Amino acid sequence: MEKILILGSGLAGYSLAREIRAVDESIELQMITADAGDFYSKPMLSNGLAQGKQSQDLVNAMAESMSDKLKMRIDTNCRVTAIDTERQQVITDRGEHRYTSLVLALGAKPIIPVMRGDAEQHRVTVNSLYDYHRFRQLLPQSPAHVAIIGPGLIGCEFANDLLSQGYQVSLIGPDPHPISTLLPAITGKALQQAMTEAGTHWHLQQTAAIMDQLAQGYRLTLTDASIIDCDLVLSAVGLLPEMQLATEAGLGTARGIVTDRMLRTSNERIYALGDCAEIAGFNLPYVMPIMNAARALAKTLTGEPTEVVYPAMPVVIKTPLHPIVIAPPQRGAAGDWQNHQDQQGTECLFHDPEGQLSGFVLSGKYVERKQSLTKQLPHLLPATG
Ligand SMILES: Cc1cc2nc3c(=O)[nH]c(=O)nc-3n(C[C@H](O)[C@H](O)[C@H](O)COP(=O)(O)OP(=O)(O)OC[C@H]3O[C@@H](n4cnc5c(N)ncnc54)[C@H](O)[C@@H]3O)c2cc1C
C-alpha cells in the first residue's frame with residue numbers, strides 16, 4: 001500500500017499535504033511533527049506586536065482540524081530520531097512508522113552565537129509559534145529596552161515591530177549596515193536612518209561577548225567593551241537548515257538536504273522541501289519557493305513526475321519605517337548594480353553583461369515598482385524542455 005509520510009508541520013509540510021489532497025483524495029497520508037501541529041503563518045511572528053497578536057491569534061487551524069480537513073493522520077509532539085532507509089521506516093520517540101515515500105519538511109534551527117556570562121542561556125530566539133508565545137511572556141510591558149543580536153532581515157523586522165509599540169531597541173552585529181548580506185549599502189543605510197529616527201541604537205561592527213544577569217534585566221558587554229543594559233535579549237543571527245536526520249541516514253547534504261528538481265534526495269524514496277532543503281542548488285527559506293516546490297512535489301508523488309519551476313520571487317521585508325523589497329540576483333552572477341537614491345528611497349537594479357535585469361532592491365516609495373520590474377526578471381529555475 002502506498003503511504004506518503006511527511007515529517008514537519010510548517011508551511012512546507014502543510015502546503016504539500018494540501019496540494020496532494022487537491023489532486024488525490026485517497027492516497028494514505030501521515031504527518032509527524034515535533035511541535036503541536038497547529039497551522040500558522042510564520043511571517044507574522046515578526047510583525048505580530050503591531051498587529052496586536054498573541055500566539056493563539058496566529059493559529060489559522062488547530063492540528064485536529066487540519067487532520068480532518070486533509071484526511072491525514074497527524075502525530076503531534078512526536079520527534080523523529082532516525083530514518084531506516086532499508087526498512088523504509090522512521091523511528092520516533094513514540095514508535096516506528098513505515099513509508100513508501102518520505103518527505104522531509106524539517107525547517108531550520110536558529111544559530112546560537114557563542115557568548116560568555118551567567119545569563120547567556122536567557123537569550124530568546126523566535127522561529128516557531130511556541131518561541132513566539134515564550135517571547136510574548138518574557139517581553140515586559142512597553143516602555144522597556146530590548147537588545148537584538150543580529151541586524152539582519154529578521155532582526156530588523158522584530159526591531160521595527162518593537163519600535164512601533166514604544167519599545168527602546170538596540171541592534172548589535174558585525175555588519176557594516178543593516179541586512180548587509182541582502183541589501184546594497186545605500187539601501188541598508190536608508191533603513192538605518194529611518195530606524196535611527198524612530199529611536200534605534202545601533203552597535204554595528206561589533207558583537208555581544210558577555211551576557212550577565214542584573215538585579216533587573218540583563219547587561220550585554222560588547223567586543224569594544226561598551227555596555228548595554230536591557231530588559232530582554234533577542235537573538236536573530238540566522239538559521240541553519242535542519243539536516244541531522246538526513247546526514248545520519250546517509251543522504252547528501254550541503255547548504256541544505258540536497259535534492260534534484262523533482263525534490264528527490266540521494267535516496268529515491270525520500271524527498272525534501274522548505275527551509276531544510278537545497279533544491280537544484282537553491283536554499284531559499286521563503287514562502288513563495290515553498291509553495292512552488294509543494295505544487296510540483298504533490299504531482300510527482302501522485303504519479304505525474306514534475307520538476308519544480310521557480311519564477312522570480314521577490315521578498316518583502318517587513319520594515320514599514322522604510323519599506324523594502326528584494327529580488328537578489330543568483331549567487332555569483334556576473335553583472336553590475338546601478339544604484340539610485342533620492343528623497344523617495346532607493347532603487348538598485350542588477351543587470352547581467354547582456355543588459356538583462358536580473359535582480360533588484362527597492363526601498364521607500366520605489367517599492368511600488370515591484371510588479372513591473374518583477375515581470376522583467378528571468379525565471380530563477382525555468383522549465384526545462
Ligand atoms: C520571524 C520570521 C519571519 C518571516 N517572514 C517571512 C516573510 O515575510 N516572507 C517570506 O517569504 N518568508 C518569511 N519567513 C520565512 C518563512 O516563514 C519560512 O521559510 C517557512 O515558514 C519555513 O517553513 P518550513 O515548513 O520549511 O519550516 P518550519 O516552519 O520551521 O517547520 C519545520 C517543522 O519540522 C518539525 N520538525 C523539525 N525536526 C523534527 C523532528 N526531528 N521530528 C519531527 N518533526 C520535526 C518542526 O516541529 C516543524 O513542524 C520568515 C521566517 C521567520 C522566522
# chains A, B, ... in the order shown; residues from 1 in each chain; ligands from 1
$ residues_around --residues "A:Tyr99" --least-positions-apart "2" --cutoff "10 Å" --atoms "only C-alpha atoms" --output "ChimeraX atom specification"
/A:1-6,28-30,85,87-90,97,101-103,269-270
$ residues_around --residues "stretch 225-233 of chain A" --least-positions-apart "5" --cutoff "7 Å" --atoms "only C-alpha atoms" --output "MDAnalysis selection string"
chainID A and resid 123:124 139 144:148 217:220
$ select_by_dssp --residues "stretch 100-318 of chain A" --states "strand (DSSP E or B)" --output "number ranges by chain"
A: 101-104, 108-110, 116, 124, 145-149, 168-173, 201-204, 208-213, 218-222, 227-230, 232-235, 239-241, 253, 257-259, 264, 270-272, 277-279, 282, 310, 315-317
$ atom_distance --atom1 "atom CA of A:Lys53" --atom2 "atom CA of A:Met291"
24.7 Å
$ residues_around --residues "A:Gly117" --least-positions-apart "2" --cutoff "6 Å" --atoms "only C-alpha atoms" --output "VMD selection string"
chain A and resid 119 to 120 210 to 212
$ closest_residue --among "A:Gln165, A:Thr259, A:Asn127, A:Gln213" --to "ligand 1" --atoms "only C-alpha atoms and all ligand atoms"
A:Asn127
$ residues_around --residues "A:Leu70" --least-positions-apart "5" --cutoff "12 Å" --atoms "only C-alpha atoms" --output "list in words"
Gly13, Tyr14, Ser15, Leu16, Ala17, Arg18, Glu19, Ile20, Arg21, Ala22, Val23, Asp24, Glu25, Ser26, Ile27, Glu28, Leu29, Gln30, Met31, Ala61, Ala63, Glu64 and Ser65 of chain A
$ closest_residue --among "A:Glu157, A:Asp118, A:Asp260, A:Glu347" --to "A:Val367" --atoms "only C-alpha atoms"
A:Glu347
$ closest_residue --among "A:Gln330, A:Thr384, A:Ser41, A:Ser235" --to "A:Glu307" --atoms "only C-alpha atoms"
A:Thr384
$ closest_residue --among "A:Asp38, A:Asp275, A:Asp175, A:Glu354" --to "ligand 1" --atoms "only C-alpha atoms and all ligand atoms"
A:Asp275
$ residues_around --residues "stretch 277-279 of chain A" --least-positions-apart "4" --cutoff "9 Å" --atoms "only C-alpha atoms" --output "count of residues only"
26
$ residues_around --residues "A:His201" --least-positions-apart "6" --cutoff "7 Å" --atoms "only C-alpha atoms" --output "ChimeraX atom specification"
/A:169-171
$ atom_distance --atom1 "atom CA of A:Asp93" --atom2 "atom CA of A:Val126"
24.7 Å
$ closest_residue --among "A:Arg98, A:Arg79, A:Arg116, A:Arg136" --to "ligand 1" --atoms "only C-alpha atoms and all ligand atoms"
A:Arg79
$ residues_around --residues "stretch 186-199 of chain A" --least-positions-apart "5" --cutoff "8 Å" --atoms "only C-alpha atoms" --output "VMD selection string"
chain A and resid 160 163 168 to 169 177 to 180 321 to 322 339 341 345 to 346 361 to 363
$ write_last_selection --atoms "N, CA and C atoms" --output "compact mmCIF listing (two decimals), in the first residue's frame"
# COMPACT_ATOMS: atom_id res chain seq x y z
N ASN A 160 11.63 46.78 14.11
CA ASN A 160 10.58 47.68 13.64
C ASN A 160 9.27 47.42 14.40
N LEU A 163 9.65 48.79 17.95
CA LEU A 163 9.63 50.27 17.94
C LEU A 163 8.20 50.78 17.78
N GLN A 168 12.18 50.54 23.42
CA GLN A 168 13.51 51.03 23.06
C GLN A 168 14.28 49.83 22.49
N VAL A 169 14.98 50.03 21.39
CA VAL A 169 15.63 48.90 20.73
C VAL A 169 17.10 49.21 20.46
N HIS A 177 26.28 47.65 7.86
CA HIS A 177 24.96 48.30 7.83
C HIS A 177 23.91 47.20 7.97
N PRO A 178 22.65 47.57 8.27
CA PRO A 178 21.64 46.52 8.47
C PRO A 178 21.41 45.67 7.21
N ILE A 179 21.06 44.41 7.46
CA ILE A 179 20.71 43.42 6.40
C ILE A 179 21.80 43.42 5.32
N SER A 180 23.05 43.38 5.77
CA SER A 180 24.17 43.60 4.83
C SER A 180 24.35 42.44 3.85
N LEU A 321 8.89 51.23 8.61
CA LEU A 321 9.58 52.51 8.78
C LEU A 321 10.32 52.89 7.50
N HIS A 322 10.78 51.89 6.79
CA HIS A 322 11.39 52.11 5.46
C HIS A 322 11.14 50.82 4.67
N ASN A 339 22.84 51.91 -8.78
CA ASN A 339 22.12 52.33 -7.58
C ASN A 339 21.71 53.79 -7.66
N GLN A 341 19.53 56.92 -5.41
CA GLN A 341 18.88 57.30 -4.14
C GLN A 341 18.38 58.73 -4.25
N GLY A 345 13.51 57.29 -1.67
CA GLY A 345 14.04 55.99 -1.25
C GLY A 345 15.18 55.59 -2.14
N THR A 346 15.37 54.26 -2.29
CA THR A 346 16.48 53.78 -3.14
C THR A 346 15.96 52.79 -4.17
N VAL A 361 16.72 45.68 -5.74
CA VAL A 361 16.40 46.02 -4.36
C VAL A 361 15.72 47.39 -4.42
N LEU A 362 14.50 47.47 -3.90
CA LEU A 362 13.75 48.73 -3.93
C LEU A 362 13.41 49.11 -2.50
N SER A 363 13.43 50.41 -2.22
CA SER A 363 13.02 50.82 -0.87
C SER A 363 12.27 52.14 -0.91
